[in-house]
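Trainee: Sharing model19.cif below, mmCIF, C-alpha atoms and all ligand atoms:
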data_structure
#
loop_
_atom_site.label_atom_id
_atom_site.label_comp_id
_atom_site.auth_asym_id
_atom_site.auth_seq_id
_atom_site.Cartn_x
_atom_site.Cartn_y
_atom_site.Cartn_z
CA MET A 9 31.28 -222.45 68.83
CA LYS A 10 35.03 -222.51 68.14
CA ILE A 11 36.73 -221.15 65.03
CA LEU A 12 35.95 -223.63 62.27
CA ASN A 13 38.32 -225.75 60.19
CA LEU A 14 36.92 -224.96 56.75
CA PRO A 15 37.36 -227.26 53.75
CA LEU A 16 38.62 -224.66 51.24
CA ALA A 17 40.83 -222.83 53.77
CA ARG A 18 43.46 -225.57 54.22
CA SER A 19 46.20 -224.20 51.96
CA ARG A 20 49.79 -224.87 52.93
CA VAL A 21 51.35 -223.20 49.87
CA ASP A 22 53.93 -220.44 50.37
CA ARG A 23 52.90 -217.76 47.87
CA ALA A 24 56.53 -216.50 47.78
CA GLU A 25 55.50 -212.99 46.77
CA HIS A 26 59.12 -211.80 46.56
CA LEU A 27 59.74 -214.06 43.54
CA ARG A 28 56.95 -212.47 41.46
CA LYS A 29 59.07 -209.40 40.80
CA ASP A 30 62.00 -211.43 39.42
CA PRO A 31 61.39 -212.57 35.81
CA ILE A 32 64.65 -214.57 35.66
CA ALA A 33 63.79 -216.46 38.85
CA LEU A 34 60.25 -217.08 37.56
CA GLU A 35 61.60 -218.52 34.31
CA ALA A 36 63.88 -220.89 36.25
CA LEU A 37 61.00 -221.90 38.53
CA TRP A 38 58.78 -222.58 35.50
CA GLU A 39 61.38 -224.98 34.08
CA ARG A 40 61.06 -227.28 37.10
CA ALA A 41 57.46 -226.52 38.02
CA ALA A 42 54.55 -228.81 38.76
CA VAL A 43 51.77 -227.37 36.61
CA ILE A 44 48.01 -227.38 37.18
CA HIS A 45 45.95 -227.17 34.01
CA PHE A 46 42.68 -225.21 34.12
CA ASP A 47 40.46 -224.63 31.08
CA GLY A 48 38.43 -221.74 32.51
CA GLU A 49 35.87 -224.04 34.21
CA LYS A 50 37.54 -227.34 35.02
CA PHE A 51 40.87 -228.75 36.19
CA LEU A 52 42.79 -231.62 34.63
CA THR A 53 42.60 -234.46 37.16
CA SER A 54 43.82 -237.98 37.72
CA GLY A 55 41.50 -240.06 39.89
CA SER A 56 40.43 -237.84 42.79
CA ALA A 57 43.47 -235.52 42.62
CA LEU A 58 44.77 -232.74 40.37
CA ARG A 59 47.08 -234.05 37.69
CA MET A 60 50.41 -232.20 37.75
CA LEU A 61 52.05 -231.65 34.37
CA LYS A 62 55.71 -230.90 33.72
CA SER A 63 56.13 -227.43 32.23
CA TYR A 64 57.18 -228.89 28.84
CA GLU A 65 53.86 -230.80 28.72
CA ALA A 66 51.82 -227.57 28.88
CA PRO A 67 50.00 -226.74 25.61
CA ASP A 68 51.42 -224.04 23.32
CA ASN A 69 48.59 -221.55 23.70
CA GLY A 70 47.89 -220.20 27.16
CA ASP A 71 49.08 -218.23 30.16
CA GLU A 72 51.25 -219.42 33.03
CA PHE A 73 50.74 -217.97 36.51
CA PHE A 74 53.00 -218.55 39.51
CA LEU A 75 51.09 -219.98 42.50
CA GLY A 76 53.94 -220.44 44.98
CA LEU A 77 56.21 -222.97 46.61
CA ASP A 78 55.84 -226.05 48.76
CA GLY A 79 59.34 -226.47 50.15
CA GLU A 80 61.57 -226.30 47.06
CA GLN A 81 58.84 -227.31 44.62
CA PRO A 82 57.36 -224.49 42.53
CA TYR A 83 53.75 -224.66 41.37
CA PHE A 84 52.19 -222.87 38.42
CA LEU A 85 48.73 -222.60 36.92
CA PHE A 86 48.53 -223.03 33.16
CA MET A 87 45.31 -221.66 31.69
CA SER A 88 44.32 -222.76 28.18
CA PRO A 89 41.62 -224.81 26.42
CA GLN A 90 41.35 -228.50 27.28
CA ILE A 91 44.10 -230.81 26.09
CA SER A 92 42.64 -232.89 23.28
CA GLY A 93 41.64 -236.43 24.21
CA GLU A 94 41.51 -235.61 27.93
CA SER A 95 37.97 -234.23 28.26
CA GLU A 96 36.70 -236.94 30.63
CA ASN A 97 39.57 -236.16 33.01
CA TYR A 98 38.49 -232.54 33.60
CA LYS A 99 36.49 -231.86 36.77
CA THR A 100 35.16 -228.77 38.55
CA LEU A 101 36.33 -227.59 41.95
CA ARG A 102 32.82 -228.21 43.31
CA GLU A 103 33.03 -231.84 42.18
CA MET A 104 36.38 -232.65 43.71
CA GLY A 105 37.08 -229.95 46.33
CA ALA A 106 36.26 -232.16 49.31
CA LEU A 107 38.65 -234.89 48.07
CA LEU A 108 41.83 -232.85 47.60
CA ASP A 109 44.62 -232.77 50.19
CA ASP A 110 45.72 -229.54 51.87
CA LEU A 111 48.39 -228.76 49.26
CA GLN A 112 46.14 -229.36 46.25
CA ILE A 113 43.09 -227.55 47.63
CA GLY A 114 45.24 -224.48 48.30
CA LEU A 115 46.58 -224.56 44.75
CA ALA A 116 43.15 -225.16 43.20
CA VAL A 117 41.34 -222.40 45.11
CA HIS A 118 44.09 -219.88 44.32
CA ALA A 119 44.23 -221.01 40.68
CA GLN A 120 40.51 -220.82 40.07
CA GLY A 121 40.08 -217.39 41.66
CA LEU A 122 43.07 -216.02 39.74
CA ALA A 123 41.92 -217.55 36.43
CA ASN A 124 38.37 -216.21 36.87
CA TRP A 125 39.74 -212.73 37.35
CA HIS A 126 42.15 -212.82 34.39
CA ILE A 127 39.39 -214.08 32.07
CA LYS A 128 37.04 -211.23 33.05
CA HIS A 129 39.57 -208.38 32.97
CA PRO A 130 41.15 -208.18 29.52
CA ARG A 131 40.86 -204.38 29.43
CA CYS A 132 41.92 -201.44 31.57
CA SER A 133 39.10 -199.92 33.63
CA ALA A 134 40.85 -196.52 33.50
CA CYS A 135 41.39 -196.11 29.73
CA GLY A 136 39.92 -199.16 27.98
CA ALA A 137 43.17 -200.42 26.42
CA PRO A 138 44.13 -204.13 26.60
CA THR A 139 45.87 -205.38 29.75
CA THR A 140 48.46 -208.16 30.05
CA PRO A 141 49.50 -210.35 33.00
CA ALA A 142 52.49 -209.13 35.04
CA LEU A 143 54.36 -210.14 38.21
CA GLY A 144 53.89 -213.86 37.59
CA GLY A 145 50.19 -213.39 36.90
CA SER A 146 49.44 -211.81 40.27
CA ILE A 147 48.34 -208.57 38.54
CA ARG A 148 47.49 -207.23 35.07
CA GLN A 149 49.02 -204.07 33.66
CA CYS A 150 47.58 -201.70 31.09
CA SER A 151 49.46 -201.63 27.78
CA HIS A 152 48.63 -197.93 27.30
CA CYS A 153 48.52 -196.06 30.64
CA ALA A 154 50.54 -198.65 32.67
CA VAL A 155 48.00 -198.73 35.53
CA GLU A 156 48.30 -201.92 37.56
CA HIS A 157 45.10 -203.91 38.19
CA TYR A 158 44.82 -206.29 41.15
CA PRO A 159 42.56 -209.34 41.46
CA ARG A 160 39.39 -208.46 43.33
CA THR A 161 37.89 -210.43 46.18
CA ASP A 162 34.24 -209.89 47.10
CA PRO A 163 33.56 -210.31 50.83
CA ALA A 164 30.32 -212.04 51.74
CA ILE A 165 29.05 -212.89 55.21
CA ILE A 166 27.41 -216.20 56.06
CA VAL A 167 25.62 -216.63 59.36
CA LEU A 168 24.29 -219.49 61.46
CA VAL A 169 21.20 -218.05 63.16
CA LYS A 170 20.30 -219.63 66.52
CA ASP A 171 17.66 -219.06 69.17
CA GLN A 172 18.10 -219.20 72.92
CA ASN A 173 17.10 -222.89 72.96
CA ASP A 174 20.02 -223.78 70.64
CA ARG A 175 17.85 -224.39 67.60
CA ILE A 176 19.12 -223.19 64.20
CA LEU A 177 17.19 -221.38 61.48
CA LEU A 178 17.73 -222.43 57.86
CA GLY A 179 16.21 -220.87 54.78
CA ARG A 180 15.37 -222.01 51.27
CA GLN A 181 16.06 -219.96 48.16
CA ARG A 182 13.63 -220.32 45.28
CA VAL A 183 16.41 -221.16 42.83
CA TRP A 184 17.85 -224.07 44.84
CA PRO A 185 17.27 -227.81 44.29
CA GLU A 186 14.16 -229.24 45.95
CA HIS A 187 14.50 -229.70 49.76
CA ARG A 188 17.79 -227.73 49.94
CA PHE A 189 17.97 -225.51 53.05
CA SER A 190 21.00 -223.54 54.17
CA THR A 191 22.25 -220.71 56.35
CA PHE A 192 21.75 -217.04 55.48
CA ALA A 193 24.36 -215.18 53.45
CA GLY A 194 24.95 -212.04 51.44
CA PHE A 195 27.56 -209.70 49.99
CA VAL A 196 29.03 -206.96 52.14
CA GLU A 197 27.96 -203.61 50.71
CA THR A 198 30.19 -200.56 50.27
CA GLY A 199 30.75 -198.77 53.57
CA GLU A 200 29.38 -201.62 55.66
CA SER A 201 31.08 -203.63 58.43
CA PHE A 202 30.80 -207.42 58.65
CA GLU A 203 28.60 -207.13 61.75
CA GLN A 204 26.29 -204.61 60.08
CA CYS A 205 26.02 -206.88 57.06
CA VAL A 206 25.07 -209.86 59.28
CA SER A 207 22.30 -207.81 60.92
CA ARG A 208 21.01 -206.46 57.61
CA GLU A 209 20.97 -209.82 55.79
CA VAL A 210 19.16 -211.65 58.59
CA ALA A 211 16.65 -208.80 58.93
CA GLU A 212 16.05 -208.76 55.16
CA GLU A 213 15.81 -212.50 54.59
CA ALA A 214 14.26 -213.74 57.87
CA GLY A 215 12.66 -210.59 59.31
CA VAL A 216 14.37 -210.66 62.73
CA LEU A 217 17.07 -208.75 64.59
CA VAL A 218 20.23 -210.56 65.70
CA SER A 219 22.35 -210.05 68.78
CA ASP A 220 25.57 -211.56 70.07
CA VAL A 221 27.32 -211.88 66.68
CA LYS A 222 30.45 -214.08 66.91
CA TYR A 223 33.15 -214.74 64.30
CA LEU A 224 33.64 -218.40 63.27
CA GLY A 225 36.18 -218.32 60.42
CA SER A 226 36.54 -217.63 56.72
CA GLN A 227 37.24 -219.42 53.49
CA PRO A 228 37.79 -218.45 49.86
CA TRP A 229 34.87 -219.26 47.58
CA PRO A 230 36.11 -218.68 44.03
CA PHE A 231 32.70 -218.98 42.33
CA PRO A 232 33.72 -216.53 40.98
CA ALA A 233 35.49 -214.28 43.51
CA SER A 234 34.04 -214.45 47.02
CA LEU A 235 35.58 -214.67 50.45
CA MET A 236 33.02 -216.11 52.87
CA ILE A 237 33.26 -214.71 56.41
CA ALA A 238 31.35 -216.91 58.84
CA PHE A 239 29.47 -215.88 61.98
CA GLU A 240 26.93 -217.20 64.40
CA ALA A 241 24.24 -214.93 65.79
CA THR A 242 21.39 -215.30 68.25
CA ILE A 243 17.86 -213.99 67.96
CA VAL A 244 15.58 -213.47 70.93
CA ASP A 245 12.21 -213.61 69.14
CA PRO A 246 12.26 -216.80 67.03
CA GLU A 247 8.49 -216.75 66.65
CA ASN A 248 8.79 -213.58 64.55
CA ALA A 249 11.07 -215.10 61.91
CA ARG A 250 9.52 -215.19 58.44
CA PRO A 251 10.86 -215.54 54.91
CA ASP A 252 11.13 -212.40 52.78
CA GLY A 253 9.07 -214.14 50.08
CA GLN A 254 11.48 -212.90 47.40
CA GLU A 255 14.93 -214.45 47.67
CA ILE A 256 13.92 -216.78 50.54
CA GLU A 257 10.68 -218.69 50.05
CA GLU A 258 10.68 -220.83 53.21
CA ILE A 259 12.43 -220.92 56.59
CA HIS A 260 12.52 -223.67 59.17
CA TRP A 261 13.77 -224.11 62.74
CA PHE A 262 15.74 -227.30 63.49
CA ASP A 263 16.95 -228.96 66.66
CA ARG A 264 19.40 -231.88 66.64
CA ASP A 265 16.68 -234.51 66.48
CA SER A 266 14.49 -232.85 63.89
CA ILE A 267 17.39 -232.19 61.52
CA VAL A 268 18.13 -235.95 61.48
CA ASP A 269 14.45 -236.80 61.04
CA GLU A 270 14.12 -234.43 58.09
CA ILE A 271 17.23 -235.81 56.38
CA MET A 272 16.02 -239.38 56.91
CA ALA A 273 12.59 -238.49 55.53
CA GLY A 274 14.17 -237.00 52.41
CA GLU A 275 12.76 -233.57 53.33
CA LEU A 276 16.10 -231.85 53.94
CA LEU A 277 19.04 -231.68 51.56
CA LEU A 278 22.03 -230.07 53.27
CA PRO A 279 24.48 -227.78 51.42
CA PRO A 280 27.57 -229.45 49.86
CA LYS A 281 30.53 -230.57 51.95
CA ILE A 282 32.91 -227.90 50.63
CA SER A 283 30.61 -225.11 51.81
CA VAL A 284 30.92 -222.97 54.94
CA ALA A 285 27.22 -223.54 55.56
CA ARG A 286 27.67 -227.30 55.82
CA ALA A 287 30.67 -226.87 58.15
CA MET A 288 28.70 -224.55 60.45
CA ILE A 289 25.68 -226.85 60.58
CA GLU A 290 27.87 -229.91 61.31
CA ALA A 291 29.85 -228.06 64.00
CA TRP A 292 26.63 -226.99 65.76
CA TYR A 293 25.16 -230.52 65.45
CA ASN A 294 28.27 -232.23 66.89
CA LEU A 295 28.66 -229.74 69.75
CA VAL A 296 26.19 -231.64 71.96
CA PRO A 297 26.56 -235.45 72.17
CA MET A 298 23.67 -237.92 72.37
CA PRO A 299 21.88 -238.13 75.78
CA ASP A 300 23.88 -241.28 76.60
CA GLY A 301 27.14 -239.42 75.89
CA SER A 302 27.89 -241.15 72.58
CA ALA A 303 28.72 -239.29 69.37
CA ARG A 304 25.87 -238.29 67.07
CA PRO A 305 25.34 -240.23 63.84
CA GLN A 306 27.09 -238.36 61.03
CA PHE A 307 24.98 -236.82 58.27
CA ASP A 308 26.77 -238.81 55.56
CA SER A 309 25.72 -242.06 57.24
CA LEU A 310 22.03 -241.13 57.25
CA ASP A 311 20.19 -242.89 54.47
CA PRO A 312 16.98 -241.10 53.50
CA SER A 313 15.65 -244.35 52.03
CA ALA A 314 15.82 -246.05 55.45
CA LEU A 315 12.81 -244.51 57.13
CA ASP A 316 12.99 -246.73 60.23
CA SER A 317 14.69 -244.03 62.28
CA TRP A 318 18.06 -244.65 63.95
CA ARG A 319 16.43 -243.69 67.27
CA LYS A 320 13.90 -246.55 67.30
ZN ZN A 401 44.91 -197.96 30.87
#
Take the structure in the file and give it back as structure tokens.
Mentor:
Amino acid sequence: MKILNLPLARSRVDRAEHLRKDPIALEALWERAAVIHFDGEKFLTSGSALRMLKSYEAPDNGDEFFLGLDGEQPYFLFMSPQISGESENYKTLREMGALLDDLQIGLAVHAQGLANWHIKHPRCSACGAPTTPALGGSIRQCSHCAVEHYPRTDPAIIVLVKDQNDRILLGRQRVWPEHRFSTFAGFVETGESFEQCVSREVAEEAGVLVSDVKYLGSQPWPFPASLMIAFEATIVDPENARPDGQEIEEIHWFDRDSIVDEIMAGELLLPPKISVARAMIEAWYNLVPMPDGSARPQFDSLDPSALDSWRK
């Protein structure tokens, strides 16, 4: 498959790193900024978009972090409790991520990852003293020993496992909603390469060895701090695949007909549209047209309540 266009990797914001070191420039940018408001879990929205405040509309108590420029327009994150009377207008990134345009999704993904990190790192890991935001919020600095702390990103691989007949293998975690199946994924461990992580995760969760590992793309996943690195991999012994019985309770092979049948029957709930897993499954599904050459019916148009299959 080709490198994927991933829903949370569409940012067009210029992070303008050179401006972070200039407090006077940052102050001037703040005065004319468009400001995203985030309460630690949810963003202030208007309809299906982020609502942009003027800097003077930001509440008194909170932190402002520079996110970057779009042309001449500066954007900031303002992190503070919800603005009173606005609670119904706050939404999570999971709820609205698929609806935002390229500018807003870039701002929201950056903002949420940065906010998550600031919230969890109030103290210095070297000496234990309080830390404060510096360089426009791109780092925190210790008030005692002056060590600079940088936001962390946790790499995780996600892999579409295929067999030599172009079927895909999906697994079900115990903790997921009923009928949810998805691709295999896991955090990269210390001292491990992406490719080694792909092999280890598939061996652990599905009991088989992969070959022919290919890179498909990456997207930030700030829940709370991941970067998902996507691959496809082939296995030569599909009959040996089995769930680990711990994290994965069930696995299932799908071809392009059976995946539609299972969705229509209400037996398969695909991962959400903002996920890498969904993008990989859709890209694989659309790669081969219908036998008559027409496009395949899109997953969103499949109604599980209409059991008279689209093929009849
Ligand atoms: Zn310190």
Trainee: Within 7 Å of ligand ZN 401 (chain A), which residues show up when you count only C-alpha atoms and all ligand atoms? List them as number ranges by chain, please.
Mentor: A: 132-137, 150-155
Trainee: I'd like to know which of A:Pro82, A:Pro163, A:Pro67, A:Pro15 is closest to A:Leu37, using all atoms listed in the file.
Mentor: A:Pro82
Trainee: Given the choices A:Ala17, A:Leu310, A:Val216, A:Ile176, which gets closest to A:Arg264 if the distance is worked out from only C-alpha atoms?
Mentor: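 Among A:Ala17, A:Leu310, A:Val216, A:Ile176, it is A:Ile176 that comes nearest to A:Arg264.
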Trainee: For the atom pair atom CA of A:Leu16 and atom CA of A:Lys99, what is the interatomic distance in Å to one decimal place?
Mentor: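 Interatomic distance here is 16.3 Å.
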Trainee: Distance atom CA of A:Ala164-atom CA of A:Gln254, one decimal place?
Mentor: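 One can read the atom CA of A:Ala164 to atom CA of A:Gln254 distance as 19.4 Å.
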Trainee: Residues of stretch 100-168 of chain A within 6 Å of stretch 19-25 of chain A: nearest atom pair and distance (Å, one decimal) for each, counting all atoms listed in the file, sorted by chain and number, as a Markdown table?
Mentor:
| residue | atom | partner | partner_atom | distance |
| --- | --- | --- | --- | --- |
| A:Asp110 | CA | A:Ser19 | CA | 5.4 |
| A:Leu111 | CA | A:Arg20 | CA | 5.5 |
| A:Gly114 | CA | A:Ser19 | CA | 3.8 |
Trainee: Report, in Å with one decimal, the straight-line distance from atom CA of A:Glu39 to atom CA of A:His129.
Mentor: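 Separation of atom CA of A:Glu39 and atom CA of A:His129: 27.4 Å.
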Trainee: Name the residues, using the chain letters and numbers of the file, that sit within 12 Å of (44.3, -231.1, 29.1) when counting all atoms listed in the file, and give them as number ranges by chain.
Mentor: A: 43-48, 50-54, 58-61, 65-70, 86-99
Trainee: Considering only C-alpha atoms, return as a ChimeraX atom specification whatever protein or nucleic-acid residues lie within 12 Å of A:Tyr158, sequence-local ones (same chain, fewer than 6 positions apart) excluded.
Mentor: /A:122,125-126,129,132-133,139-143,145-150
Trainee: What's around A:Glu257 at 9 Å? Count all atoms listed in the file, leave out sequence neighbours fewer than 2 positions away in its own chain, and write the answer as a list in words.
Mentor: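 Counting all atoms listed in the file, the residues come to Gly179, Arg180, Gln181, Arg182, Pro251, Asp252, Gly253, Gln254, Glu255 and Ile259 of chain A.
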Trainee: For A:Lys10, which residue among A:Asn248, A:Gln81, A:Asn294, A:Ser63 is the nearest when counting all atoms listed in the file?
Mentor: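 Distance minimum relative to A:Lys10 lands on A:Asn294.
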Trainee: Using 12 Å as the limit and counting all atoms listed in the file, can you tabulate each residue of stretch 240-276 of chain A that touches stretch 287-291 of chain A, with its shortest atom-to-atom distance in Å and the two atoms involved, as CSV?
Mentor:
residue,atom,partner,partner_atom,distance
A:Glu240,CA,A:Met288,CA,8.5
A:Ala241,CA,A:Met288,CA,11.9
A:Phe262,CA,A:Ile289,CA,10.4
A:Asp263,CA,A:Ile289,CA,10.8
A:Arg264,CA,A:Ile289,CA,10.1
A:Ile267,CA,A:Ile289,CA,9.9
A:Val268,CA,A:Glu290,CA,11.5
Trainee: Put those residues in a file: C-alpha atoms, as a PDB file, keeping the file's coordinate frame.
Mentor:
ATOM      1  CA  GLU A 240      26.930-217.200  64.400  1.00  0.00           C
ATOM      2  CA  ALA A 241      24.240-214.930  65.790  1.00  0.00           C
ATOM      3  CA  PHE A 262      15.740-227.300  63.490  1.00  0.00           C
ATOM      4  CA  ASP A 263      16.950-228.960  66.660  1.00  0.00           C
ATOM      5  CA  ARG A 264      19.400-231.880  66.640  1.00  0.00           C
ATOM      6  CA  ILE A 267      17.390-232.190  61.520  1.00  0.00           C
ATOM      7  CA  VAL A 268      18.130-235.950  61.480  1.00  0.00           C
TER       8      VAL A 268
END
Trainee: Let me make sure I understand: among A:Ile165, A:Ala303, A:Leu34, A:Ala211, which one has the smallest atom-to-atom distance to A:Ala238 if we use only C-alpha atoms?
Mentor: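 For A:Ala238, the nearest of the given residues is A:Ile165.
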Trainee: As AutoDock Vina command-line options, what would the box around stretch 89-108 of chain A look like: edges along x, y and z, 5 Å added on every side, centre and edge lengths in Å to one decimal?
Mentor:
--center_x 38.5 --center_y -230.9 --center_z 36.3 --size_x 21.3 --size_y 22.1 --size_z 36.0
Trainee: Quick one: of A:His157, A:Arg102, A:Lys128, A:Arg250, who's nearest to A:Trp229, counting only C-alpha atoms?
Mentor: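 Ranking A:His157, A:Arg102, A:Lys128, A:Arg250 by distance to A:Trp229, first place goes to A:Arg102.
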Trainee: Set the distance at 10 Å and use all atoms listed in the file: which residues neighbour A:Gly194 once local chain neighbours fewer than 4 positions away are removed? I'd like the list as a PyMOL selection string.
Mentor: chain A and resi 163-167+205-206+208-210+213+236
Trainee: Kindly indicate which residue among A:Asp245, A:Glu270, A:Glu35, A:Glu258 lies nearest to A:Asp311, using only C-alpha atoms for the distances.
Mentor: A:Glu270
Trainee: If you count all atoms listed in the file, which residues fall within 7 Å of A:Lys170, apart from same-chain ones fewer than 4 positions away, as a list in words?
Mentor: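 Counting only the stated atoms, we get Asp174, Arg175, Ile176, Leu177, Ala241, Thr242 and Ile243 of chain A.
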Trainee: Compile the contact shell of A:Met9 as a PyMOL selection string: residues with an atom at most 8 Å away, counting only C-alpha atoms, same-chain residues fewer than 4 positions apart removed.
Mentor: chain A and resi 224+291-292+295
Trainee: Once you have the residues from the selection above, write them out as a PDB file, in the coordinates of the input, restricted to C-alpha atoms.
Mentor:
ATOM      1  CA  LEU A 224      33.640-218.400  63.270  1.00  0.00           C
ATOM      2  CA  ALA A 291      29.850-228.060  64.000  1.00  0.00           C
ATOM      3  CA  TRP A 292      26.630-226.990  65.760  1.00  0.00           C
ATOM      4  CA  LEU A 295      28.660-229.740  69.750  1.00  0.00           C
TER       5      LEU A 295
END
